[in-house]
file target23.csv (CSV, N, CA and C atoms and all ligand atoms)
chain,number,residue,atom,x,y,z
A,1,MET,N,7.3,29.6,5.8
A,1,MET,CA,6.3,30.6,5.3
A,1,MET,C,6.9,31.6,4.3
A,2,PHE,N,6.2,31.9,3.2
A,2,PHE,CA,6.7,32.9,2.3
A,2,PHE,C,6.7,34.3,2.9
A,3,ASP,N,7.7,35.0,2.5
A,3,ASP,CA,7.9,36.4,3.1
A,3,ASP,C,7.3,37.4,2.0
A,4,PRO,N,6.2,38.1,2.4
A,4,PRO,CA,5.6,39.0,1.4
A,4,PRO,C,6.5,40.2,1.1
A,5,GLY,N,7.5,40.4,1.9
A,5,GLY,CA,8.4,41.5,1.7
A,5,GLY,C,9.6,41.1,0.8
A,6,TYR,N,9.7,39.8,0.4
A,6,TYR,CA,10.9,39.4,-0.4
A,6,TYR,C,10.8,40.0,-1.8
A,7,LEU,N,12.0,40.5,-2.2
A,7,LEU,CA,12.1,41.0,-3.5
A,7,LEU,C,13.4,40.4,-4.2
A,8,PRO,N,13.2,39.7,-5.3
A,8,PRO,CA,14.4,39.1,-5.9
A,8,PRO,C,15.4,40.2,-6.4
A,9,GLU,N,16.7,39.9,-6.3
A,9,GLU,CA,17.7,40.9,-6.7
A,9,GLU,C,17.6,41.2,-8.2
A,10,THR,N,17.3,40.2,-9.0
A,10,THR,CA,17.1,40.3,-10.4
A,10,THR,C,15.8,39.8,-10.8
A,11,LEU,N,15.1,40.7,-11.6
A,11,LEU,CA,13.7,40.3,-12.0
A,11,LEU,C,13.9,39.8,-13.5
A,12,LEU,N,13.8,38.5,-13.7
A,12,LEU,CA,14.1,37.9,-15.0
A,12,LEU,C,13.0,38.1,-16.0
A,13,HIS,N,13.4,38.4,-17.2
A,13,HIS,CA,12.5,38.5,-18.4
A,13,HIS,C,11.4,39.6,-18.2
A,14,ARG,N,11.7,40.6,-17.5
A,14,ARG,CA,10.7,41.7,-17.3
A,14,ARG,C,11.2,43.0,-17.7
A,15,GLU,N,12.2,43.1,-18.6
A,15,GLU,CA,12.8,44.3,-19.1
A,15,GLU,C,11.7,45.2,-19.7
A,16,ARG,N,10.8,44.6,-20.6
A,16,ARG,CA,9.8,45.4,-21.3
A,16,ARG,C,8.8,46.0,-20.2
A,17,GLN,N,8.4,45.2,-19.3
A,17,GLN,CA,7.4,45.7,-18.3
A,17,GLN,C,8.1,46.8,-17.4
A,18,LEU,N,9.4,46.6,-17.0
A,18,LEU,CA,10.1,47.6,-16.2
A,18,LEU,C,10.2,48.9,-16.9
A,19,THR,N,10.5,48.8,-18.2
A,19,THR,CA,10.7,50.0,-19.0
A,19,THR,C,9.3,50.7,-19.1
A,20,ALA,N,8.3,50.0,-19.3
A,20,ALA,CA,6.9,50.7,-19.4
A,20,ALA,C,6.6,51.3,-18.1
A,21,LEU,N,6.8,50.6,-17.0
A,21,LEU,CA,6.5,51.2,-15.7
A,21,LEU,C,7.4,52.5,-15.5
A,22,ALA,N,8.6,52.4,-15.8
A,22,ALA,CA,9.5,53.6,-15.6
A,22,ALA,C,9.0,54.7,-16.4
A,23,ALA,N,8.6,54.5,-17.6
A,23,ALA,CA,8.1,55.6,-18.5
A,23,ALA,C,6.8,56.2,-17.9
A,24,ASN,N,5.9,55.4,-17.3
A,24,ASN,CA,4.7,55.9,-16.7
A,24,ASN,C,5.0,56.8,-15.5
A,25,LEU,N,6.1,56.4,-14.7
A,25,LEU,CA,6.4,57.1,-13.5
A,25,LEU,C,7.3,58.3,-13.7
A,26,ARG,N,7.9,58.4,-14.9
A,26,ARG,CA,8.9,59.4,-15.2
A,26,ARG,C,8.5,60.8,-14.8
A,27,PRO,N,7.2,61.2,-15.1
A,27,PRO,CA,6.8,62.6,-14.8
A,27,PRO,C,7.0,62.9,-13.3
A,28,ALA,N,6.9,61.9,-12.4
A,28,ALA,CA,7.1,62.1,-11.0
A,28,ALA,C,8.5,62.7,-10.7
A,29,LEU,N,9.5,62.4,-11.5
A,29,LEU,CA,10.8,62.9,-11.3
A,29,LEU,C,10.9,64.3,-11.7
A,30,ARG,N,9.9,64.8,-12.4
A,30,ARG,CA,9.9,66.3,-12.8
A,30,ARG,C,8.8,67.0,-11.9
A,31,SER,N,8.4,66.4,-10.8
A,31,SER,CA,7.4,66.9,-9.9
A,31,SER,C,6.0,67.0,-10.7
A,32,SER,N,5.8,66.2,-11.7
A,32,SER,CA,4.5,66.2,-12.4
A,32,SER,C,3.8,64.9,-11.9
A,33,THR,N,2.5,64.8,-12.3
A,33,THR,CA,1.7,63.7,-11.9
A,33,THR,C,2.1,62.5,-12.8
A,34,PRO,N,2.5,61.4,-12.2
A,34,PRO,CA,2.8,60.2,-13.1
A,34,PRO,C,1.5,59.6,-13.6
A,35,MET,N,1.7,58.7,-14.7
A,35,MET,CA,0.5,58.0,-15.3
A,35,MET,C,0.1,56.9,-14.3
A,36,HIS,N,-1.3,56.8,-14.3
A,36,HIS,CA,-1.8,55.6,-13.6
A,36,HIS,C,-1.4,54.4,-14.3
A,37,THR,N,-1.1,53.3,-13.6
A,37,THR,CA,-0.7,52.0,-14.3
A,37,THR,C,-1.6,50.9,-13.7
A,38,LEU,N,-2.1,50.1,-14.6
A,38,LEU,CA,-2.8,48.9,-14.2
A,38,LEU,C,-2.0,47.7,-14.6
A,39,SER,N,-1.6,46.9,-13.7
A,39,SER,CA,-0.7,45.8,-14.0
A,39,SER,C,-1.5,44.5,-13.8
A,40,PHE,N,-1.6,43.7,-14.9
A,40,PHE,CA,-2.4,42.5,-14.8
A,40,PHE,C,-1.7,41.3,-15.5
A,41,GLY,N,-2.0,40.1,-15.1
A,41,GLY,CA,-1.4,39.0,-15.6
A,41,GLY,C,-1.6,37.8,-14.7
A,42,PRO,N,-1.2,36.6,-15.1
A,42,PRO,CA,-1.4,35.4,-14.2
A,42,PRO,C,-0.7,35.6,-12.8
A,43,PRO,N,-1.1,34.8,-11.8
A,43,PRO,CA,-0.6,35.0,-10.5
A,43,PRO,C,0.9,34.7,-10.5
A,44,ALA,N,1.6,35.3,-9.6
A,44,ALA,CA,3.1,35.1,-9.3
A,44,ALA,C,4.0,35.2,-10.5
A,45,THR,N,3.6,36.2,-11.4
A,45,THR,CA,4.5,36.4,-12.6
A,45,THR,C,5.3,37.6,-12.4
A,46,GLY,N,5.2,38.3,-11.2
A,46,GLY,CA,6.1,39.4,-11.0
A,46,GLY,C,5.5,40.8,-11.1
A,47,LYS,N,4.2,40.9,-11.0
A,47,LYS,CA,3.6,42.2,-11.1
A,47,LYS,C,4.0,43.1,-9.9
A,48,THR,N,3.8,42.5,-8.7
A,48,THR,CA,4.2,43.3,-7.5
A,48,THR,C,5.7,43.5,-7.5
A,49,SER,N,6.5,42.5,-7.8
A,49,SER,CA,7.9,42.6,-7.7
A,49,SER,C,8.4,43.7,-8.7
A,50,ALA,N,7.8,43.8,-9.9
A,50,ALA,CA,8.2,44.8,-10.9
A,50,ALA,C,7.9,46.2,-10.4
A,51,MET,N,6.7,46.3,-9.8
A,51,MET,CA,6.4,47.6,-9.3
A,51,MET,C,7.3,48.0,-8.1
A,52,ARG,N,7.6,47.1,-7.2
A,52,ARG,CA,8.5,47.4,-6.1
A,52,ARG,C,9.9,47.7,-6.5
A,53,THR,N,10.3,47.0,-7.6
A,53,THR,CA,11.7,47.2,-8.1
A,53,THR,C,11.8,48.7,-8.6
A,54,ILE,N,10.8,49.1,-9.4
A,54,ILE,CA,10.8,50.5,-9.9
A,54,ILE,C,10.7,51.5,-8.8
A,55,LEU,N,9.8,51.2,-7.9
A,55,LEU,CA,9.7,52.2,-6.8
A,55,LEU,C,11.0,52.3,-6.0
A,56,ASN,N,11.7,51.2,-5.8
A,56,ASN,CA,13.0,51.3,-5.1
A,56,ASN,C,13.9,52.2,-5.9
A,57,GLU,N,13.9,52.0,-7.2
A,57,GLU,CA,14.9,52.7,-8.0
A,57,GLU,C,14.6,54.2,-8.0
A,58,ILE,N,13.4,54.6,-7.9
A,58,ILE,CA,13.1,56.1,-8.0
A,58,ILE,C,13.0,56.7,-6.6
A,59,SER,N,13.1,55.9,-5.5
A,59,SER,CA,12.8,56.4,-4.2
A,59,SER,C,13.8,57.5,-3.7
A,60,ASP,N,15.0,57.6,-4.4
A,60,ASP,CA,15.9,58.7,-4.1
A,60,ASP,C,15.5,60.0,-4.7
A,61,TYR,N,14.6,60.0,-5.7
A,61,TYR,CA,14.2,61.2,-6.5
A,61,TYR,C,12.8,61.6,-6.3
A,62,ALA,N,11.9,60.7,-5.8
A,62,ALA,CA,10.5,61.0,-5.7
A,62,ALA,C,10.0,60.3,-4.4
A,63,TYR,N,8.9,60.8,-3.9
A,63,TYR,CA,8.3,60.1,-2.7
A,63,TYR,C,7.5,58.9,-3.3
A,64,THR,N,7.7,57.8,-2.6
A,64,THR,CA,7.0,56.6,-3.0
A,64,THR,C,6.4,55.9,-1.8
A,65,ALA,N,5.3,55.2,-2.1
A,65,ALA,CA,4.6,54.5,-1.0
A,65,ALA,C,4.1,53.2,-1.5
A,66,TYR,N,4.5,52.1,-1.0
A,66,TYR,CA,4.0,50.8,-1.4
A,66,TYR,C,3.1,50.3,-0.3
A,67,ILE,N,1.8,50.1,-0.6
A,67,ILE,CA,0.8,49.8,0.4
A,67,ILE,C,0.1,48.5,0.0
A,68,ARG,N,0.2,47.6,0.9
A,68,ARG,CA,-0.6,46.3,0.7
A,68,ARG,C,-2.0,46.5,1.2
A,69,CYS,N,-2.9,46.8,0.3
A,69,CYS,CA,-4.2,47.2,0.7
A,69,CYS,C,-5.0,46.2,1.5
A,70,PRO,N,-4.8,44.9,1.4
A,70,PRO,CA,-5.5,44.0,2.3
A,70,PRO,C,-5.2,44.3,3.8
A,71,LEU,N,-4.0,44.9,4.0
A,71,LEU,CA,-3.7,45.3,5.4
A,71,LEU,C,-4.1,46.7,5.8
A,72,ALA,N,-4.4,47.5,4.8
A,72,ALA,CA,-4.9,48.9,5.1
A,72,ALA,C,-6.3,49.0,4.5
A,73,ARG,N,-7.3,48.6,5.2
A,73,ARG,CA,-8.6,48.2,4.7
A,73,ARG,C,-9.6,49.4,4.6
A,74,SER,N,-9.1,50.6,4.7
A,74,SER,CA,-10.0,51.7,4.5
A,74,SER,C,-9.2,52.9,3.8
A,75,ALA,N,-10.0,53.8,3.2
A,75,ALA,CA,-9.3,54.9,2.5
A,75,ALA,C,-8.5,55.7,3.5
A,76,TYR,N,-9.0,55.8,4.7
A,76,TYR,CA,-8.2,56.6,5.7
A,76,TYR,C,-6.9,55.9,6.0
A,77,LYS,N,-6.9,54.6,6.2
A,77,LYS,CA,-5.7,53.8,6.5
A,77,LYS,C,-4.7,53.9,5.3
A,78,VAL,N,-5.2,53.9,4.1
A,78,VAL,CA,-4.3,54.0,2.9
A,78,VAL,C,-3.6,55.4,3.0
A,79,MET,N,-4.4,56.5,3.2
A,79,MET,CA,-3.9,57.8,3.3
A,79,MET,C,-2.9,58.0,4.4
A,80,ALA,N,-3.2,57.3,5.6
A,80,ALA,CA,-2.3,57.4,6.7
A,80,ALA,C,-1.0,56.7,6.4
A,81,ARG,N,-1.0,55.6,5.6
A,81,ARG,CA,0.2,54.9,5.2
A,81,ARG,C,1.0,55.8,4.3
A,82,ILE,N,0.3,56.5,3.4
A,82,ILE,CA,1.0,57.4,2.5
A,82,ILE,C,1.7,58.5,3.3
A,83,PHE,N,1.0,59.0,4.3
A,83,PHE,CA,1.5,60.1,5.2
A,83,PHE,C,2.8,59.6,5.8
A,84,GLU,N,2.8,58.3,6.3
A,84,GLU,CA,3.9,57.7,7.0
A,84,GLU,C,5.1,57.6,6.1
A,85,CYS,N,4.8,57.2,4.8
A,85,CYS,CA,5.9,57.0,3.8
A,85,CYS,C,6.5,58.3,3.5
A,86,VAL,N,5.7,59.4,3.3
A,86,VAL,CA,6.2,60.7,2.9
A,86,VAL,C,6.9,61.4,4.1
A,87,CYS,N,6.2,61.4,5.2
A,87,CYS,CA,6.6,62.3,6.3
A,87,CYS,C,7.5,61.5,7.3
A,88,ARG,N,7.6,60.2,7.1
A,88,ARG,CA,8.5,59.3,8.0
A,88,ARG,C,8.1,59.3,9.4
A,89,HIS,N,6.9,59.6,9.7
A,89,HIS,CA,6.3,59.4,11.0
A,89,HIS,C,4.8,59.3,10.9
A,90,GLN,N,4.2,58.8,12.0
A,90,GLN,CA,2.8,58.6,11.9
A,90,GLN,C,2.1,59.9,12.1
A,91,PRO,N,0.8,60.0,11.5
A,91,PRO,CA,0.1,61.3,11.7
A,91,PRO,C,0.0,61.6,13.2
A,92,SER,N,0.4,62.8,13.7
A,92,SER,CA,0.4,63.1,15.1
A,92,SER,C,-1.0,63.2,15.7
A,93,GLN,N,-2.0,63.6,14.9
A,93,GLN,CA,-3.3,63.6,15.4
A,93,GLN,C,-4.1,62.4,15.0
A,94,THR,N,-4.9,61.9,15.8
A,94,THR,CA,-5.8,60.8,15.4
A,94,THR,C,-7.2,61.4,15.1
A,95,GLY,N,-7.9,60.8,14.3
A,95,GLY,CA,-9.3,61.3,14.1
A,95,GLY,C,-9.4,62.5,13.2
A,96,ILE,N,-8.3,62.9,12.5
A,96,ILE,CA,-8.5,64.0,11.6
A,96,ILE,C,-9.0,63.5,10.2
A,97,SER,N,-9.6,64.3,9.4
A,97,SER,CA,-10.3,63.9,8.2
A,97,SER,C,-9.2,63.5,7.2
A,98,ILE,N,-9.7,62.7,6.2
A,98,ILE,CA,-8.8,62.3,5.1
A,98,ILE,C,-8.4,63.5,4.4
A,99,ALA,N,-9.3,64.5,4.2
A,99,ALA,CA,-8.9,65.7,3.5
A,99,ALA,C,-7.8,66.5,4.2
A,100,ARG,N,-7.8,66.5,5.5
A,100,ARG,CA,-6.7,67.2,6.3
A,100,ARG,C,-5.4,66.4,6.2
A,101,LEU,N,-5.6,65.1,6.2
A,101,LEU,CA,-4.4,64.2,6.1
A,101,LEU,C,-3.7,64.4,4.7
A,102,TYR,N,-4.6,64.5,3.7
A,102,TYR,CA,-4.1,64.8,2.3
A,102,TYR,C,-3.4,66.1,2.2
A,103,ASP,N,-4.0,67.1,2.8
A,103,ASP,CA,-3.4,68.5,2.8
A,103,ASP,C,-2.0,68.4,3.5
A,104,SER,N,-1.9,67.7,4.6
A,104,SER,CA,-0.6,67.6,5.3
A,104,SER,C,0.4,66.9,4.5
A,105,ILE,N,0.0,65.9,3.7
A,105,ILE,CA,1.0,65.2,2.9
A,105,ILE,C,1.5,66.2,1.8
A,106,CYS,N,0.5,66.9,1.2
A,106,CYS,CA,0.9,67.9,0.1
A,106,CYS,C,1.9,68.9,0.7
B,1,LIG,N1,10.4,37.6,-13.4
B,1,LIG,C1,10.8,37.1,-12.2
B,1,LIG,N2,12.1,37.0,-11.9
B,1,LIG,C2,12.4,36.5,-10.7
B,1,LIG,N3,11.6,36.1,-9.7
B,1,LIG,C3,10.3,36.3,-10.0
B,1,LIG,C4,9.8,36.8,-11.3
B,1,LIG,N4,8.4,36.8,-11.2
B,1,LIG,C5,8.1,36.4,-10.0
B,1,LIG,N5,9.2,36.0,-9.3
B,1,LIG,C6,9.2,35.5,-7.9
B,1,LIG,O1,7.8,35.1,-7.6
B,1,LIG,C7,7.4,35.7,-6.5
B,1,LIG,C8,6.0,36.2,-6.7
B,1,LIG,O2,6.0,37.3,-7.5
B,1,LIG,P1,5.0,38.6,-7.3
B,1,LIG,O3,4.4,38.6,-6.0
B,1,LIG,O4,5.8,39.8,-7.8
B,1,LIG,O5,3.9,38.2,-8.4
B,1,LIG,P2,2.5,38.9,-8.7
B,1,LIG,O6,2.4,38.8,-10.2
B,1,LIG,O7,2.4,40.2,-8.0
B,1,LIG,O8,1.6,37.8,-8.0
B,1,LIG,P3,0.0,38.0,-7.6
B,1,LIG,O9,-0.8,37.8,-8.9
B,1,LIG,O10,-0.2,36.9,-6.6
B,1,LIG,O11,-0.2,39.3,-7.0
B,1,LIG,C9,8.4,36.9,-6.2
B,1,LIG,O12,8.6,37.1,-4.8
B,1,LIG,C10,9.6,36.5,-6.9
B,1,LIG,O13,10.4,35.7,-6.0
B,2,MG,MG,1.0,40.9,-6.6
call {"tool": "encode", "arguments": {"input": "target23.csv", "output": "structure tokens", "more": "lines below"}}
Ligand SMILES: Nc1ncnc2c1ncn2[C@@H]1O[C@H](COP(=O)(O)OP(=O)(O)OP(=O)(O)O)[C@@H](O)[C@H]1O
Ligand SMILES: [Mg+2]
result
Amino acid sequence: MFDPGYLPETLLHRERQLTALAANLRPALRSSTPMHTLSFGPPATGKTSAMRTILNEISDYAYTAYIRCPLARSAYKVMARIFECVCRHQPSQTGISIARLYDSIC
């Protein structure tokens, strides 16, 4: 079975895309809001791998969260995953609103 968590050590022929992604995310390193990025292209051409490569590179300098949305099927679950990635533990209270979860993350 393929491992969805697999990330190749070297992403071949994606220098231009990695540079563009890094430029969009650069403001996060200055505690500013990074640019939204839409990544599109044929299947299995490295869109996810490129994003994860860049997120790994900046994870020492900014909070990052990689969320596979088919597994987090509601806005609440996405926010809870972000909370886990930032706070390194699950939200202690269950049933709190998305707004409170968002405030806690901030
Ligand atoms: N440029 C590349 N260099 C090395 N390996 C690559 C490259 N592009 C894709 N791969 C390999 O192909 C697999 C699929 O890539 P990935 O999941 O990143 O593609 P995707 O564009 O996000 O696909 P999808 O459209 O299905 O979401 C990766 O795990 C990786 O092993
Ligand atoms: Mg993908």
call {"tool": "residues_near_ligand", "arguments": {"input": "target23.csv", "ligand": "ligand MG 2 (chain B)", "cutoff": "12 Å", "atoms": "only C-alpha atoms and all ligand atoms", "output": "list in words"}}
result
Pro4, Gly5, Tyr6, Leu7, Leu38, Ser39, Phe40, Gly41, Pro42, Pro43, Ala44, Thr45, Gly46, Lys47, Thr48, Ser49, Ala50, Met51, Arg52, Tyr66, Ile67, Arg68, Cys69 and Pro70 of chain A
call {"tool": "residues_around", "arguments": {"input": "target23.csv", "residues": "Tyr76 of chain A", "least_positions_apart": "4", "cutoff": "8 Å", "atoms": "all atoms listed in the file", "output": "MDAnalysis selection string"}}
result
chainID A and resid 72 80:82 97:98
call {"tool": "write_last_selection", "arguments": {"input": "target23.csv", "atoms": "N, CA and C atoms", "output": "PDB file, in the coordinates of the input"}}
result
ATOM      1  N   ALA A  72      -4.400  47.500   4.800  1.00  0.00           N
ATOM      2  CA  ALA A  72      -4.900  48.900   5.100  1.00  0.00           C
ATOM      3  C   ALA A  72      -6.300  49.000   4.500  1.00  0.00           C
ATOM      4  N   ALA A  80      -3.200  57.300   5.600  1.00  0.00           N
ATOM      5  CA  ALA A  80      -2.300  57.400   6.700  1.00  0.00           C
ATOM      6  C   ALA A  80      -1.000  56.700   6.400  1.00  0.00           C
ATOM      7  N   ARG A  81      -1.000  55.600   5.600  1.00  0.00           N
ATOM      8  CA  ARG A  81       0.200  54.900   5.200  1.00  0.00           C
ATOM      9  C   ARG A  81       1.000  55.800   4.300  1.00  0.00           C
ATOM     10  N   ILE A  82       0.300  56.500   3.400  1.00  0.00           N
ATOM     11  CA  ILE A  82       1.000  57.400   2.500  1.00  0.00           C
ATOM     12  C   ILE A  82       1.700  58.500   3.300  1.00  0.00           C
ATOM     13  N   SER A  97      -9.600  64.300   9.400  1.00  0.00           N
ATOM     14  CA  SER A  97     -10.300  63.900   8.200  1.00  0.00           C
ATOM     15  C   SER A  97      -9.200  63.500   7.200  1.00  0.00           C
ATOM     16  N   ILE A  98      -9.700  62.700   6.200  1.00  0.00           N
ATOM     17  CA  ILE A  98      -8.800  62.300   5.100  1.00  0.00           C
ATOM     18  C   ILE A  98      -8.400  63.500   4.400  1.00  0.00           C
TER      19      ILE A  98
END
call {"tool": "select_by_dssp", "arguments": {"input": "target23.csv", "residues": "segment 1-101 of chain A", "states": "alpha helix (DSSP H)", "output": "count of residues only"}}
result
40
call {"tool": "residues_around", "arguments": {"input": "target23.csv", "residues": "Ile58 of chain A", "least_positions_apart": "3", "cutoff": "10 Å", "atoms": "only C-alpha atoms", "output": "PyMOL selection string"}}
result
chain A and resi 22+25-26+28-29+53-55+61-64
call {"tool": "atom_distance", "arguments": {"input": "target23.csv", "atom1": "atom CA of Ser74 of chain A", "atom2": "atom O2 of ligand LIG 1 (chain B)"}}
result
24.6 Å
call {"tool": "atom_distance", "arguments": {"input": "target23.csv", "atom1": "atom C of Glu9 of chain A", "atom2": "atom CA of Pro34 of chain A"}}
result
24.6 Å
call {"tool": "atom_distance", "arguments": {"input": "target23.csv", "atom1": "atom CA of Leu101 of chain A", "atom2": "atom CA of Arg88 of chain A"}}
result
13.9 Å
call {"tool": "residues_around", "arguments": {"input": "target23.csv", "residues": "Ile105 of chain A", "least_positions_apart": "3", "cutoff": "10 Å", "atoms": "only C-alpha atoms", "output": "list in words"}}
result
Met79, Ala80, Ile82, Phe83, Glu84, Cys85, Val86, Cys87, Pro91, Ala99, Arg100, Leu101 and Tyr102 of chain A
call {"tool": "closest_residue", "arguments": {"input": "target23.csv", "among": "A:Leu11, A:Glu57, A:Phe2, A:Arg30", "to": "ligand LIG 1 (chain B)", "atoms": "all atoms listed in the file"}}
result
A:Leu11
call {"tool": "closest_residue", "arguments": {"input": "target23.csv", "among": "A:Ser31, A:Met1, A:Val78, A:Glu15", "to": "ligand LIG 1 (chain B)", "atoms": "only C-alpha atoms and all ligand atoms"}}
result
A:Glu15
call {"tool": "decode", "arguments": {"input": "target23.csv", "residues": "segment 10-89 of chain A", "atoms": "C-alpha atoms", "output": "PDB file, in the first residue's frame"}}
result
ATOM      1  CA  THR A  10      14.680  15.331  -3.127  1.00  0.00           C
ATOM      2  CA  LEU A  11      11.841  16.843  -5.102  1.00  0.00           C
ATOM      3  CA  LEU A  12      13.041  16.749  -8.683  1.00  0.00           C
ATOM      4  CA  HIS A  13      12.422  19.595 -11.164  1.00  0.00           C
ATOM      5  CA  ARG A  14      10.338  21.645  -8.737  1.00  0.00           C
ATOM      6  CA  GLU A  15      12.787  24.462  -7.932  1.00  0.00           C
ATOM      7  CA  ARG A  16      10.542  27.120  -9.508  1.00  0.00           C
ATOM      8  CA  GLN A  17       7.458  25.941  -7.607  1.00  0.00           C
ATOM      9  CA  LEU A  18       9.377  25.632  -4.317  1.00  0.00           C
ATOM     10  CA  THR A  19      10.738  29.158  -4.753  1.00  0.00           C
ATOM     11  CA  ALA A  20       7.242  30.533  -5.420  1.00  0.00           C
ATOM     12  CA  LEU A  21       5.837  28.734  -2.397  1.00  0.00           C
ATOM     13  CA  ALA A  22       8.651  29.989  -0.188  1.00  0.00           C
ATOM     14  CA  ALA A  23       8.042  33.561  -1.389  1.00  0.00           C
ATOM     15  CA  ASN A  24       4.331  33.289  -0.544  1.00  0.00           C
ATOM     16  CA  LEU A  25       5.071  31.960   2.933  1.00  0.00           C
ATOM     17  CA  ARG A  26       7.954  34.347   3.710  1.00  0.00           C
ATOM     18  CA  PRO A  27       5.759  36.895   5.581  1.00  0.00           C
ATOM     19  CA  ALA A  28       5.023  34.177   8.180  1.00  0.00           C
ATOM     20  CA  LEU A  29       8.701  34.322   9.176  1.00  0.00           C
ATOM     21  CA  ARG A  30       8.177  37.993  10.082  1.00  0.00           C
ATOM     22  CA  SER A  31       4.970  37.177  12.014  1.00  0.00           C
ATOM     23  CA  SER A  32       2.908  38.621   9.147  1.00  0.00           C
ATOM     24  CA  THR A  33       0.117  36.874   7.292  1.00  0.00           C
ATOM     25  CA  PRO A  34       1.440  34.704   4.452  1.00  0.00           C
ATOM     26  CA  MET A  35      -0.090  34.768   0.981  1.00  0.00           C
ATOM     27  CA  HIS A  36      -2.761  32.220   0.193  1.00  0.00           C
ATOM     28  CA  THR A  37      -1.544  29.740  -2.392  1.00  0.00           C
ATOM     29  CA  LEU A  38      -3.574  27.624  -4.793  1.00  0.00           C
ATOM     30  CA  SER A  39      -1.562  24.706  -6.129  1.00  0.00           C
ATOM     31  CA  PHE A  40      -2.963  22.981  -9.192  1.00  0.00           C
ATOM     32  CA  GLY A  41      -1.718  20.569 -11.827  1.00  0.00           C
ATOM     33  CA  PRO A  42      -2.056  16.979 -13.019  1.00  0.00           C
ATOM     34  CA  PRO A  43      -2.303  14.214 -10.395  1.00  0.00           C
ATOM     35  CA  ALA A  44       0.860  12.972  -8.655  1.00  0.00           C
ATOM     36  CA  THR A  45       3.094  15.745  -9.974  1.00  0.00           C
ATOM     37  CA  GLY A  46       4.250  16.769  -6.488  1.00  0.00           C
ATOM     38  CA  LYS A  47       1.808  19.484  -5.364  1.00  0.00           C
ATOM     39  CA  THR A  48       1.413  18.011  -1.878  1.00  0.00           C
ATOM     40  CA  SER A  49       5.072  17.012  -1.649  1.00  0.00           C
ATOM     41  CA  ALA A  50       6.180  20.542  -2.579  1.00  0.00           C
ATOM     42  CA  MET A  51       3.939  22.064   0.072  1.00  0.00           C
ATOM     43  CA  ARG A  52       5.097  19.617   2.745  1.00  0.00           C
ATOM     44  CA  THR A  53       8.747  20.152   1.809  1.00  0.00           C
ATOM     45  CA  ILE A  54       8.418  23.907   2.328  1.00  0.00           C
ATOM     46  CA  LEU A  55       6.387  23.503   5.531  1.00  0.00           C
ATOM     47  CA  ASN A  56       9.117  21.238   6.932  1.00  0.00           C
ATOM     48  CA  GLU A  57      11.749  23.813   6.023  1.00  0.00           C
ATOM     49  CA  ILE A  58      10.044  26.661   7.839  1.00  0.00           C
ATOM     50  CA  SER A  59       8.719  24.675  10.800  1.00  0.00           C
ATOM     51  CA  ASP A  60      11.599  25.829  13.021  1.00  0.00           C
ATOM     52  CA  TYR A  61      10.635  29.466  12.424  1.00  0.00           C
ATOM     53  CA  ALA A  62       6.839  29.472  12.118  1.00  0.00           C
ATOM     54  CA  TYR A  63       3.904  27.383  13.258  1.00  0.00           C
ATOM     55  CA  THR A  64       2.825  25.011  10.511  1.00  0.00           C
ATOM     56  CA  ALA A  65      -0.063  22.587  10.202  1.00  0.00           C
ATOM     57  CA  TYR A  66      -0.469  20.049   7.426  1.00  0.00           C
ATOM     58  CA  ILE A  67      -4.041  18.799   7.403  1.00  0.00           C
ATOM     59  CA  ARG A  68      -5.443  16.129   5.130  1.00  0.00           C
ATOM     60  CA  CYS A  69      -8.971  17.460   4.877  1.00  0.00           C
ATOM     61  CA  PRO A  70     -10.597  14.166   3.777  1.00  0.00           C
ATOM     62  CA  LEU A  71      -9.689  12.958   7.290  1.00  0.00           C
ATOM     63  CA  ALA A  72     -10.835  16.144   9.053  1.00  0.00           C
ATOM     64  CA  ARG A  73     -14.242  16.517   7.553  1.00  0.00           C
ATOM     65  CA  SER A  74     -15.575  19.569   9.361  1.00  0.00           C
ATOM     66  CA  ALA A  75     -14.407  23.106  10.022  1.00  0.00           C
ATOM     67  CA  TYR A  76     -14.232  22.239  13.735  1.00  0.00           C
ATOM     68  CA  LYS A  77     -11.957  19.249  13.087  1.00  0.00           C
ATOM     69  CA  VAL A  78      -9.679  21.342  10.888  1.00  0.00           C
ATOM     70  CA  MET A  79      -9.435  23.980  13.632  1.00  0.00           C
ATOM     71  CA  ALA A  80      -8.821  21.271  16.262  1.00  0.00           C
ATOM     72  CA  ARG A  81      -5.975  19.873  14.111  1.00  0.00           C
ATOM     73  CA  ILE A  82      -4.460  23.354  13.837  1.00  0.00           C
ATOM     74  CA  PHE A  83      -4.732  23.636  17.630  1.00  0.00           C
ATOM     75  CA  GLU A  84      -2.907  20.305  18.030  1.00  0.00           C
ATOM     76  CA  CYS A  85      -0.133  21.340  15.641  1.00  0.00           C
ATOM     77  CA  VAL A  86       0.396  24.706  17.346  1.00  0.00           C
ATOM     78  CA  CYS A  87      -0.158  23.746  20.986  1.00  0.00           C
ATOM     79  CA  ARG A  88       1.220  20.179  20.723  1.00  0.00           C
ATOM     80  CA  HIS A  89      -1.726  18.705  22.582  1.00  0.00           C
TER      81      HIS A  89
END
